[in-house]
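Undergrad: Enclosed is the structure file work_10.txt (compact mmCIF, C-alpha atoms and all ligand atoms).
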```
# COMPACT_ATOMS: atom_id res chain seq x y z
CA MET A 8 -2.51 41.33 -30.26
CA ILE A 9 -5.34 43.87 -30.51
CA LEU A 10 -5.69 46.13 -27.49
CA ILE A 11 -9.10 47.67 -26.87
CA VAL A 12 -9.33 50.43 -24.28
CA ASN A 13 -12.83 51.43 -23.30
CA THR A 14 -12.83 54.85 -21.64
CA THR A 15 -16.64 55.03 -21.50
CA SER A 16 -18.80 53.44 -18.80
CA ASP A 17 -20.89 51.67 -21.43
CA HIS A 18 -19.79 48.03 -21.57
CA SER A 19 -22.24 47.04 -24.29
CA VAL A 20 -19.75 48.21 -26.94
CA THR A 21 -16.96 46.03 -25.59
CA GLU A 22 -19.37 43.10 -25.21
CA GLU A 23 -20.23 43.37 -28.88
CA LEU A 24 -16.57 43.74 -29.80
CA LYS A 25 -15.71 40.67 -27.77
CA GLU A 26 -18.39 38.63 -29.50
CA GLN A 27 -17.27 39.69 -32.94
CA THR A 28 -13.53 39.29 -32.38
CA ASP A 29 -14.06 35.88 -30.70
CA SER A 30 -16.12 34.61 -33.59
CA LYS A 31 -13.40 35.67 -36.00
CA GLY A 32 -10.62 34.19 -33.89
CA ILE A 33 -8.98 37.60 -33.38
CA LYS A 34 -6.83 37.85 -30.27
CA ALA A 35 -8.13 40.93 -28.47
CA GLU A 36 -7.51 42.24 -24.97
CA ILE A 37 -10.11 44.53 -23.51
CA ILE A 38 -9.42 47.06 -20.79
CA GLU A 39 -12.28 48.86 -19.08
CA THR A 40 -11.00 52.10 -17.59
CA ASP A 41 -14.14 53.09 -15.70
CA SER A 42 -12.89 51.17 -12.68
CA MET A 43 -9.34 52.51 -13.06
CA HIS A 44 -7.56 55.68 -12.03
CA ILE A 45 -6.06 57.44 -15.03
CA SER A 46 -4.82 60.99 -14.62
CA HIS A 47 -4.16 63.54 -17.35
CA CYS A 48 -0.54 64.14 -18.45
CA ILE A 49 1.03 66.87 -16.34
CA GLY A 50 3.83 67.61 -18.81
CA CYS A 51 6.65 67.00 -16.31
CA ASN A 52 8.97 65.57 -19.03
CA TYR A 53 10.27 62.94 -16.59
CA CYS A 54 9.48 60.14 -19.09
CA TRP A 55 12.03 61.69 -21.45
CA LEU A 56 14.65 63.22 -19.18
CA LYS A 57 14.57 61.80 -15.65
CA THR A 58 13.22 58.24 -15.75
CA PRO A 59 13.36 57.46 -19.49
CA GLY A 60 10.33 55.45 -20.62
CA GLU A 61 8.58 55.61 -17.26
CA CYS A 62 5.75 57.94 -16.32
CA SER A 63 6.10 59.79 -13.03
CA ILE A 64 2.38 59.40 -12.33
CA LYS A 65 1.98 56.04 -10.64
CA ASP A 66 -1.58 55.20 -11.58
CA ASP A 67 -3.33 52.55 -13.69
CA TYR A 68 -2.11 53.96 -16.99
CA GLU A 69 1.04 51.88 -16.58
CA ILE A 70 -1.06 48.74 -17.20
CA ILE A 71 -2.05 50.17 -20.60
CA LEU A 72 1.43 51.42 -21.43
CA LYS A 73 2.97 48.00 -20.87
CA LYS A 74 0.40 46.45 -23.21
CA ILE A 75 0.68 49.06 -25.97
CA ILE A 76 4.29 48.03 -26.55
CA HIS A 77 3.16 44.51 -27.45
CA ALA A 78 0.01 45.44 -29.33
CA ASP A 79 -0.24 45.62 -33.13
CA GLN A 80 -3.31 47.76 -32.80
CA MET A 81 -4.88 49.88 -30.11
CA TRP A 82 -8.53 50.89 -30.30
CA ILE A 83 -9.82 53.64 -28.03
CA ILE A 84 -13.52 53.67 -27.29
CA SER A 85 -14.41 57.17 -26.22
CA ASP A 86 -17.21 59.56 -25.44
CA THR A 87 -16.98 62.87 -27.24
CA ALA A 88 -17.27 66.49 -26.13
CA LEU A 89 -17.03 69.84 -27.89
CA GLY A 90 -16.67 68.18 -31.28
CA PHE A 91 -13.71 66.03 -30.25
CA LEU A 92 -12.77 63.15 -27.91
CA ASP A 93 -13.78 63.84 -24.34
CA HIS A 94 -10.99 64.31 -21.81
CA LYS A 95 -10.87 60.63 -20.85
CA GLY A 96 -10.23 59.54 -24.42
CA LYS A 97 -7.69 62.30 -25.06
CA ASN A 98 -5.82 61.51 -21.84
CA ILE A 99 -5.04 58.02 -23.17
CA TYR A 100 -3.24 59.67 -26.11
CA ASP A 101 -1.52 62.37 -24.03
CA ARG A 102 -0.10 59.81 -21.60
CA ILE A 103 1.49 57.79 -24.42
CA LEU A 104 4.60 60.01 -24.46
CA PRO A 105 6.90 57.48 -22.71
CA ILE A 106 6.88 55.33 -25.88
CA ALA A 107 8.82 58.11 -27.62
CA THR A 108 12.27 59.33 -26.62
CA MET A 109 13.51 62.89 -26.23
CA TYR A 110 15.66 62.44 -29.33
CA LEU A 111 14.59 64.11 -32.56
CA LYS A 112 14.85 63.32 -36.23
CA PHE A 113 13.26 64.28 -39.52
CA LYS A 114 10.66 61.95 -40.93
CA GLY A 115 9.94 63.18 -44.43
CA ASP A 116 9.89 66.96 -44.16
CA GLN A 117 8.82 67.13 -40.51
CA MET A 118 10.42 66.72 -37.09
CA ARG A 119 9.50 63.70 -35.00
CA HIS A 120 10.66 62.06 -31.83
CA VAL A 121 12.71 58.89 -32.17
CA PRO A 122 10.53 55.95 -30.95
CA ARG A 123 11.71 54.07 -27.86
CA TYR A 124 10.67 50.61 -29.02
CA GLU A 125 10.96 48.65 -32.26
CA SER A 126 7.30 47.70 -32.39
CA ARG A 127 4.61 49.95 -33.89
CA THR A 128 1.02 50.19 -32.74
CA ASP A 129 -1.64 51.40 -35.18
CA VAL A 130 -4.49 53.34 -33.58
CA GLY A 131 -8.23 53.49 -34.18
CA ILE A 132 -11.16 55.21 -32.52
CA ILE A 133 -14.70 54.04 -31.80
CA TYR A 134 -16.73 56.99 -30.57
CA LYS A 135 -20.08 57.82 -29.04
CA GLY A 136 -21.90 61.11 -29.48
CA GLU A 137 -21.64 63.80 -32.13
CA PRO A 138 -18.06 64.91 -32.74
CA ASP A 139 -16.85 66.60 -35.92
CA ALA A 140 -16.17 63.19 -37.48
CA GLU A 141 -14.17 64.58 -40.41
CA TYR A 142 -11.88 66.41 -38.02
CA LEU A 143 -11.51 63.43 -35.72
CA LYS A 144 -10.42 61.34 -38.70
CA ARG A 145 -7.85 63.92 -39.75
CA TRP A 146 -6.61 64.29 -36.19
CA ASN A 147 -6.17 60.56 -35.61
CA GLU A 148 -4.08 60.33 -38.78
CA ARG A 149 -1.86 63.09 -37.47
CA ALA A 150 -1.67 61.56 -33.97
CA ALA A 151 -0.64 58.18 -35.43
CA LEU A 152 2.06 59.82 -37.50
CA ASN A 153 3.53 61.04 -34.25
CA PHE A 154 4.15 57.49 -33.14
CA GLU A 155 5.24 56.25 -36.53
CA SER A 156 2.13 54.17 -36.97
CA ARG A 157 -1.04 54.35 -39.04
CA SER A 158 -4.56 55.45 -38.26
CA LEU A 159 -7.03 52.57 -38.48
CA GLY A 160 -9.87 55.01 -38.87
CA VAL A 161 -12.60 56.51 -36.79
CA PHE A 162 -15.93 54.68 -36.30
CA LYS A 163 -19.23 55.36 -34.62
CA THR A 164 -20.46 52.78 -32.09
CA ASP A 165 -23.05 51.59 -34.62
CA GLU A 166 -20.23 50.80 -37.08
CA ILE A 167 -18.52 48.16 -34.95
CA LYS A 168 -18.62 45.65 -37.80
CA GLU A 169 -16.63 48.05 -39.98
CA ALA A 170 -14.12 48.60 -37.17
CA VAL A 171 -13.70 44.86 -36.60
CA SER A 172 -13.04 44.37 -40.31
CA CYS A 173 -9.88 46.46 -39.77
CA MET A 174 -8.69 44.23 -36.93
CA CYS A 175 -6.27 41.64 -38.18
CA MET B 7 -10.81 96.34 -23.28
CA HIS B 8 -10.71 93.77 -20.50
CA VAL B 9 -9.48 90.29 -21.36
CA LEU B 10 -9.92 86.97 -19.60
CA ILE B 11 -6.76 84.94 -20.15
CA ILE B 12 -6.71 81.22 -19.50
CA ASN B 13 -3.41 79.35 -19.49
CA GLY B 14 -4.51 75.96 -20.80
CA SER B 15 -1.31 74.13 -19.95
CA PRO B 16 -1.50 71.13 -17.58
CA ARG B 17 2.03 71.99 -16.41
CA VAL B 18 2.28 73.94 -13.14
CA LYS B 19 2.63 77.70 -13.62
CA ALA B 20 6.24 77.85 -12.41
CA PHE B 21 7.43 75.55 -15.22
CA SER B 22 4.87 76.39 -17.89
CA ASN B 23 6.28 77.69 -21.17
CA THR B 24 2.85 79.16 -21.92
CA ASP B 25 3.11 81.20 -18.73
CA LYS B 26 6.46 82.66 -19.79
CA ILE B 27 5.01 83.48 -23.19
CA LEU B 28 2.02 85.17 -21.55
CA GLU B 29 4.33 87.22 -19.33
CA GLN B 30 5.73 88.95 -22.43
CA PHE B 31 2.48 88.96 -24.37
CA THR B 32 0.54 90.72 -21.60
CA LYS B 33 3.33 93.28 -21.19
CA GLY B 34 2.72 94.40 -24.77
CA MET B 35 -1.04 94.02 -24.49
CA ALA B 36 -1.38 96.18 -21.37
CA GLU B 37 0.71 99.10 -22.67
CA ASN B 38 -2.25 101.14 -23.84
CA GLY B 39 -4.65 100.43 -21.02
CA THR B 40 -6.00 96.98 -21.84
CA THR B 41 -6.60 95.15 -18.57
CA PHE B 42 -6.70 91.43 -17.92
CA GLU B 43 -7.20 88.65 -15.41
CA GLN B 44 -5.33 85.36 -15.77
CA TYR B 45 -6.05 81.82 -14.59
CA GLU B 46 -4.29 78.46 -14.83
CA VAL B 47 -6.03 75.24 -15.86
CA SER B 48 -3.24 73.30 -14.11
CA ASP B 49 -4.62 74.48 -10.75
CA LYS B 50 -8.02 72.88 -10.19
CA LYS B 51 -8.64 75.20 -7.23
CA GLN B 52 -9.10 78.00 -9.79
CA TRP B 53 -11.70 76.17 -11.86
CA ASP B 54 -14.82 77.60 -10.17
CA ALA B 55 -13.53 81.15 -10.54
CA MET B 56 -12.46 80.43 -14.13
CA ARG B 57 -15.89 79.08 -15.04
CA LYS B 58 -17.53 82.18 -13.63
CA ALA B 59 -15.10 84.47 -15.45
CA PHE B 60 -15.75 82.53 -18.67
CA ALA B 61 -19.46 83.26 -18.35
CA GLU B 62 -18.95 86.95 -17.51
CA ASN B 63 -16.28 88.03 -20.01
CA ASN B 64 -16.67 88.62 -23.71
CA ASN B 65 -13.04 88.95 -24.68
CA ILE B 66 -11.39 85.64 -23.92
CA LEU B 67 -7.92 84.43 -24.81
CA ILE B 68 -6.92 80.83 -24.25
CA ALA B 69 -3.17 80.19 -24.46
CA LEU B 70 -2.23 76.55 -24.75
CA PRO B 71 0.50 74.07 -25.60
CA LEU B 72 -0.13 71.57 -28.38
CA TYR B 73 -0.64 68.11 -26.82
CA VAL B 74 -0.51 65.26 -29.33
CA GLU B 75 -1.68 67.43 -32.23
CA CYS B 76 -4.61 68.98 -30.37
CA ILE B 77 -5.62 70.51 -27.06
CA PRO B 78 -4.50 68.97 -23.74
CA GLY B 79 -6.84 66.46 -22.03
CA LEU B 80 -6.96 68.59 -18.91
CA LEU B 81 -8.12 71.67 -20.85
CA ILE B 82 -10.88 69.57 -22.44
CA GLU B 83 -11.89 68.44 -18.96
CA PHE B 84 -12.27 72.06 -17.85
CA LEU B 85 -14.09 73.19 -20.99
CA GLU B 86 -16.53 70.29 -20.63
CA THR B 87 -17.78 72.08 -17.52
CA VAL B 88 -18.36 75.58 -18.90
CA GLU B 89 -21.70 76.78 -20.10
CA LYS B 90 -22.11 77.39 -23.83
CA LYS B 91 -22.25 81.13 -24.48
CA ALA B 92 -24.96 83.05 -26.25
CA ASP B 93 -23.51 86.58 -26.14
CA ASP B 94 -20.99 88.05 -28.55
CA THR B 95 -17.90 86.59 -26.96
CA ARG B 96 -14.76 86.85 -29.03
CA LEU B 97 -12.50 83.88 -28.41
CA ALA B 98 -8.85 84.00 -29.51
CA PHE B 99 -6.02 81.54 -28.95
CA ILE B 100 -2.26 81.42 -28.56
CA LEU B 101 -1.24 77.95 -29.73
CA GLN B 102 2.36 76.97 -29.11
CA GLY B 103 4.30 73.72 -29.37
CA GLY B 104 7.63 71.99 -29.22
CA PHE B 105 8.32 71.13 -32.86
CA ALA B 106 9.59 74.11 -34.80
CA GLU B 107 7.64 74.10 -38.06
CA GLY B 108 4.30 75.88 -38.54
CA ILE B 109 2.77 72.85 -40.23
CA GLN B 110 2.98 70.91 -36.97
CA LEU B 111 0.38 73.16 -35.36
CA ARG B 112 -2.19 73.36 -38.17
CA CYS B 113 -4.24 70.34 -37.15
CA GLY B 114 -4.53 71.74 -33.62
CA GLU B 115 -5.38 75.18 -34.98
CA GLU B 116 -8.20 73.68 -37.06
CA TYR B 117 -9.77 72.24 -33.93
CA LEU B 118 -9.78 75.61 -32.19
CA LYS B 119 -12.26 76.85 -34.81
CA ILE B 120 -14.55 73.89 -34.13
CA LEU B 121 -14.16 74.42 -30.39
CA THR B 122 -15.08 78.11 -30.66
CA GLU B 123 -18.28 77.24 -32.48
CA ARG B 124 -19.21 74.54 -29.97
CA LEU B 125 -18.69 77.05 -27.17
CA GLY B 126 -21.04 79.51 -28.87
CA CYS B 127 -18.33 82.13 -29.36
CA THR B 128 -16.95 84.12 -32.31
CA TYR B 129 -13.53 83.06 -33.55
CA ALA B 130 -10.96 85.88 -33.22
CA GLY B 131 -7.99 83.96 -34.61
CA THR B 132 -5.05 81.94 -33.35
CA LEU B 133 -1.45 83.03 -32.91
CA VAL B 134 0.54 79.99 -33.98
CA LYS B 135 4.16 79.25 -33.16
CA GLY B 136 6.34 76.26 -32.40
CA ASP B 137 9.93 75.81 -31.20
CA ASN B 138 9.07 76.58 -27.59
CA PHE B 139 10.08 73.33 -25.87
CA SER B 140 13.17 74.75 -24.19
CA ILE B 141 11.72 77.86 -22.56
CA ARG B 142 11.47 76.11 -19.19
CA PHE B 143 15.16 75.16 -19.38
CA PHE B 144 16.29 78.70 -20.21
CA GLU B 145 16.73 81.71 -17.98
CA GLY B 146 17.53 85.40 -18.40
CA GLU B 147 18.56 86.61 -21.84
CA LYS B 148 18.29 83.19 -23.43
CA ARG B 149 14.68 82.89 -22.34
CA ASP B 150 13.86 86.47 -23.35
CA LYS B 151 15.13 85.78 -26.84
CA VAL B 152 12.40 83.18 -27.29
CA THR B 153 9.57 84.91 -25.43
CA ALA B 154 10.15 88.65 -26.05
CA PRO B 155 8.72 88.64 -29.61
CA TYR B 156 5.33 87.84 -28.09
CA ALA B 157 5.16 91.39 -26.65
CA ALA B 158 4.62 92.83 -30.12
CA MET B 159 1.82 90.32 -30.67
CA GLY B 160 0.26 91.48 -27.40
CA ARG B 161 0.24 95.03 -28.72
CA ARG B 162 -1.39 93.82 -31.92
CA TYR B 163 -4.03 91.90 -30.00
CA ALA B 164 -4.90 94.96 -27.91
CA GLN B 165 -5.33 96.94 -31.11
CA ASP B 166 -7.29 94.40 -33.19
CA GLY B 167 -9.02 92.28 -30.53
CA GLY B 168 -7.71 89.19 -32.29
CA PHE B 169 -4.99 87.66 -34.47
CA ASP B 170 -6.39 88.19 -37.93
CA SER B 171 -3.50 90.18 -39.39
CA GLU B 172 -0.58 89.60 -41.73
CA GLU B 173 1.84 90.37 -38.89
CA CYS B 174 0.36 87.59 -36.76
CA ARG B 175 0.37 85.13 -39.65
CA LYS B 176 4.05 85.86 -40.31
CA PHE B 177 4.85 85.27 -36.64
CA THR B 178 4.55 81.51 -37.21
CA GLY B 179 7.75 81.37 -39.27
CA PRO B 180 8.35 78.70 -41.92
CA GLU B 181 5.69 76.02 -42.52
CA VAL B 182 8.46 73.48 -43.20
CA PHE B 183 12.22 73.86 -43.41
CA PRO B 184 13.85 73.74 -46.82
CA ALA B 185 15.79 70.53 -47.54
CA PRO B 186 19.30 71.95 -46.92
CA VAL B 187 18.20 73.30 -43.53
CA ARG B 188 16.68 69.92 -42.66
CA LEU B 189 19.96 68.25 -43.50
CA LEU B 190 21.85 70.59 -41.22
CA VAL B 191 19.33 70.47 -38.36
CA GLY B 192 19.07 66.68 -38.75
CA PHE B 193 22.82 66.46 -38.28
CA MET B 194 22.57 68.65 -35.18
CA PHE B 195 19.87 66.35 -33.78
CA LYS B 196 22.34 63.46 -33.92
CA THR B 197 25.19 65.40 -32.37
CA LEU B 198 24.78 68.65 -30.46
CA ALA B 199 21.12 68.27 -29.54
CA LYS B 200 21.70 64.72 -28.30
CA LYS B 201 24.47 65.97 -26.03
CA GLY B 202 22.28 68.86 -24.87
CA PHE B 203 19.39 66.53 -23.94
CA ARG B 204 21.83 64.21 -22.18
CA SER B 205 23.15 67.06 -20.05
CA MET B 206 19.62 68.29 -19.24
CA ALA B 207 18.86 64.73 -18.05
CA THR B 208 22.02 64.53 -15.96
CA GLY B 209 21.01 67.83 -14.39
CA TRP B 210 17.74 66.17 -13.38
CA GLY B 211 19.55 63.24 -11.80
CA CYS B 212 18.89 60.78 -14.62
CA THR B 213 21.23 57.80 -14.58
CA LYS B 214 19.80 55.76 -17.48
CA PRO B 215 20.35 56.20 -21.21
CA LEU B 216 17.59 58.35 -22.74
CA ASP B 217 16.55 55.48 -25.03
CA TYR B 218 16.25 53.06 -22.10
CA LYS B 219 13.46 50.47 -22.50
CA PRO B 220 11.97 49.80 -19.06
CA TYR B 221 9.28 47.37 -20.23
CA MET B 222 11.32 45.01 -22.39
C1 LIG C 301 1.83 65.08 -23.72
C2 LIG C 301 2.51 66.09 -24.58
C3 LIG C 301 2.24 66.11 -25.93
C4 LIG C 301 2.85 67.05 -26.78
N1 LIG C 301 2.53 67.04 -28.10
C5 LIG C 301 3.12 67.93 -28.95
C6 LIG C 301 2.82 67.92 -30.35
O1 LIG C 301 2.00 67.12 -30.84
N2 LIG C 301 3.45 68.81 -31.15
C7 LIG C 301 4.34 69.72 -30.65
O2 LIG C 301 4.88 70.51 -31.41
N3 LIG C 301 4.64 69.77 -29.31
C8 LIG C 301 4.05 68.89 -28.46
N4 LIG C 301 4.36 68.92 -27.10
C9 LIG C 301 5.30 69.94 -26.58
C10 LIG C 301 4.63 71.11 -25.87
O3 LIG C 301 3.59 71.66 -26.65
C11 LIG C 301 5.67 72.23 -25.62
O4 LIG C 301 6.74 71.74 -24.86
C12 LIG C 301 5.06 73.44 -24.91
O5 LIG C 301 5.98 74.52 -24.98
C13 LIG C 301 4.72 73.20 -23.46
O6 LIG C 301 4.13 74.34 -22.89
P1 LIG C 301 3.77 74.39 -21.33
O7 LIG C 301 5.06 74.34 -20.58
O8 LIG C 301 3.04 75.66 -21.08
O9 LIG C 301 2.91 73.21 -21.05
C14 LIG C 301 3.77 67.99 -26.24
C15 LIG C 301 4.06 67.95 -24.87
C16 LIG C 301 3.46 67.02 -24.04
C17 LIG C 301 3.80 67.00 -22.58
```
In structure tokens, how does this file's structure come out?
TA:
Amino acid sequence: MILIVNTTSDHSVTEELKEQTDSKGIKAEIIETDSMHISHCIGCNYCWLKTPGECSIKDDYEIILKKIIHADQMWIISDTALGFLDHKGKNIYDRILPIATMYLKFKGDQMRHVPRYESRTDVGIIYKGEPDAEYLKRWNERAALNFESRSLGVFKTDEIKEAVSCMC
Amino acid sequence: MHVLIINGSPRVKAFSNTDKILEQFTKGMAENGTTFEQYEVSDKKQWDAMRKAFAENNNILIALPLYVECIPGLLIEFLETVEKKADDTRLAFILQGGFAEGIQLRCGEEYLKILTERLGCTYAGTLVKGDNFSIRFFEGEKRDKVTAPYAAMGRRYAQDGGFDSEECRKFTGPEVFPAPVRLLVGFMFKTLAKKGFRSMATGWGCTKPLDYKPYM
């Protein structure tokens, strides 16, 4: 399953994505977060050390978290600010911590957290605005590494076709 | 020199590792008369005052934890609300994280240069160091051992107005661990560290295994 999380209030992007994935027979689930409550991560560490796998913030992020575990891919649609994702887009990444455990290991020459689940979810970004696109690409590769998955790339909203070609 | 210090951690001050680092850093920094004011991003009640101080100061230091390879969402949310500067503001950073190797922080460090430019400031360098996860779990001497070295960096900052020195670059420690060290540390992860994490969890009243899968 392909999970698409739209953190912007512009639904035209998801409408286009829906059209294109439908026509290709791709199973996609779209979540619009503009009507949801999603806090930032407060760094309490409960998801690792008190209630393993569960976030202490009881808001709508749990809906996303439960779906990520079953998704082959997650695409974040995000506005940008200060050359990077805006806070709404970044919060989706920060809150993903419960899918890792406290335990550590070496992956190649670097430390990583041991994943909580067997499944892996690759991540891609569709952005609006004018970020430092080169940096965003590099960052998403690094972020994906953290969850033992791959970056699917970083696309502007007028490159939806290119993004959809990576959805399979 | 007067410095505006912003703790960019979303974690409340009492438990923030960044705060404990700043405690030592500012001790060193203030020794020869440098003054400072400090705010916490984690406390939204301070945001109006912080925004005003950001506009008025031209020596600014943002200290922050690495959050998924970059800056925390909450810090972005605050910075989205500040006005771009047009004076000669020097912006420096203390970037700290959980993983121990320097290489882990480089992607985040790279962004801080982009951020500085987008905020209309001049980049005064970043002090980079990992291996800080446990500060909040330590007290007394054990905590001091991790945080005390930051005092010397505070002195350096007061002297140079930034972190562009060999001493600050060395502060990061190894970029990656050599293979034999990885082997040893990897073994510790499976044994001692696992036990340590388990006992931290028990101390917090955790009754489930740490690899529990609530959504399966
Ligand atoms: C959501 C989240 C993401 C994190 N991502 C990273 C990371 O990518 N790399 C790293 O080395 N540490 C990471 N950490 C660990 C923190 O940077 C580290 O524990 C830091 O000392 C916390 O400082 P604070 O208590 O002031 O917030 C992360 C922590 C949290 C809560």
Undergrad: Which residues come within 9 Å of B:Arg124, counting all atoms listed in the file, excluding same-chain residues fewer than 5 positions away, as a ChimeraX atom specification?
TA: /A:89-90 /B:90,119
Undergrad: Specify the axis-aligned box that encloses all atoms of ligand LIG 301 (chain C) listed in the file after padding of 6 Å on each side, stating its centre and edge lengths in Å to one decimal as AutoDock Vina command-line options.
TA:
```
--center_x 4.3 --center_y 70.4 --center_z -26.0 --size_x 16.9 --size_y 22.6 --size_z 22.8
```
Undergrad: Set the cut-off to 7 Å and count only C-alpha atoms: what are the residues of chain B that reach chain A? Output as a PyMOL selection string.
TA: chain B and resi 16-17+73-75+79-80+82-83+86+105+113+120-121+124+182+192+195+200+207+210-212+214+216-221
Undergrad: Using only C-alpha atoms and all ligand atoms, find each residue in chain B having at least one atom no more than 9 Å away from ligand LIG 301 (chain C); report its shortest atom-to-atom pair and that distance in Å (one decimal), rows by chain then rising number, as CSV.
TA:
```
residue,atom,partner,partner_atom,distance
B:Asn13,CA,C:LIG301,O8,7.6
B:Gly14,CA,C:LIG301,O8,7.6
B:Ser15,CA,C:LIG301,O9,4.5
B:Pro16,CA,C:LIG301,O9,6.0
B:Arg17,CA,C:LIG301,O9,4.9
B:Val18,CA,C:LIG301,O7,8.0
B:Lys19,CA,C:LIG301,O8,7.7
B:Ala20,CA,C:LIG301,O7,9.0
B:Phe21,CA,C:LIG301,O7,6.0
B:Ser22,CA,C:LIG301,O7,3.4
B:Asn23,CA,C:LIG301,O7,3.6
B:Thr24,CA,C:LIG301,O8,3.6
B:Asp25,CA,C:LIG301,O8,6.0
B:Lys26,CA,C:LIG301,O8,7.9
B:Ile27,CA,C:LIG301,O8,8.3
B:Ala69,CA,C:LIG301,O8,8.4
B:Leu70,CA,C:LIG301,O8,6.5
B:Pro71,CA,C:LIG301,O3,4.1
B:Leu72,CA,C:LIG301,O3,4.1
B:Tyr73,CA,C:LIG301,N1,3.6
B:Val74,CA,C:LIG301,O1,3.5
B:Glu75,CA,C:LIG301,O1,3.9
B:Cys76,CA,C:LIG301,O1,6.9
B:Ile77,CA,C:LIG301,N1,8.9
B:Pro78,CA,C:LIG301,C1,7.4
B:Gly79,CA,C:LIG301,C1,8.9
B:Leu101,CA,C:LIG301,O3,8.5
B:Gln102,CA,C:LIG301,O3,6.0
B:Gly103,CA,C:LIG301,O3,3.5
B:Gly104,CA,C:LIG301,N3,3.7
B:Phe105,CA,C:LIG301,O2,3.8
B:Ala106,CA,C:LIG301,O2,6.8
B:Glu107,CA,C:LIG301,O2,8.0
B:Gly108,CA,C:LIG301,O2,8.9
B:Gln110,CA,C:LIG301,O2,5.9
B:Leu111,CA,C:LIG301,O2,6.5
B:Gly114,CA,C:LIG301,O1,8.5
B:Lys135,CA,C:LIG301,O2,8.9
B:Gly136,CA,C:LIG301,O2,6.0
B:Asp137,CA,C:LIG301,O2,7.3
B:Asn138,CA,C:LIG301,O5,4.5
B:Phe139,CA,C:LIG301,O4,3.8
B:Ser140,CA,C:LIG301,O4,7.1
B:Ile141,CA,C:LIG301,O5,7.1
B:Arg142,CA,C:LIG301,O7,6.8
```
Undergrad: So what do you get for atom CA of B:Tyr156 versus atom CA of B:Glu173, distance-wise?
TA: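 Interatomic distance, atom CA of B:Tyr156 to atom CA of B:Glu173: 11.6 Å.
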Undergrad: Compile the contact shell of A:Asp165 as number ranges by chain: residues with an atom at most 12 Å away, counting all atoms listed in the file, same-chain residues fewer than 3 positions apart removed.
TA: A: 19-20, 23-24, 133-136, 161-162, 168-171
Undergrad: Have a look at atom CA of B:Asn63 and atom CA of B:Arg175 and let me know their distance in Å, one decimal.
TA: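 These atoms are spaced 25.9 Å apart.
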Undergrad: Could you jot down the atom CA of B:Gly209 to atom CA of B:Glu145 separation for me, Å, one decimal place?
TA: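 Straight-line distance from atom CA of B:Gly209 to atom CA of B:Glu145 works out to 15.0 Å.
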Undergrad: Take the point (-15.0, 55.6, -25.9) as written in the file and pick out every residue within 6 Å of it, counting only C-alpha atoms; give the list as a ChimeraX atom specification.
TA: /A:13-15,83-86,134
Undergrad: Could you give me, as a PyMOL selection string, the residues within 12 Å of stretch 37-46 of chain B, counting only C-alpha atoms and dropping anything in the same chain fewer than 5 positions from it?
TA: chain B and resi 7-20+22+24-25+28-32+51-60+63-70+80-81+84+157-167
Undergrad: Find the residues around B:Cys174 up to 7 Å (only C-alpha atoms counted), leave out those fewer than 3 positions away in its own chain, and share them as a CSV table (one decimal) with C-alpha atoms, in the coordinates of the input.
TA:
```
chain,number,residue,atom,x,y,z
B,133,LEU,CA,-1.4,83.0,-32.9
B,159,MET,CA,1.8,90.3,-30.7
B,169,PHE,CA,-5.0,87.7,-34.5
B,170,ASP,CA,-6.4,88.2,-37.9
B,171,SER,CA,-3.5,90.2,-39.4
B,177,PHE,CA,4.8,85.3,-36.6
```
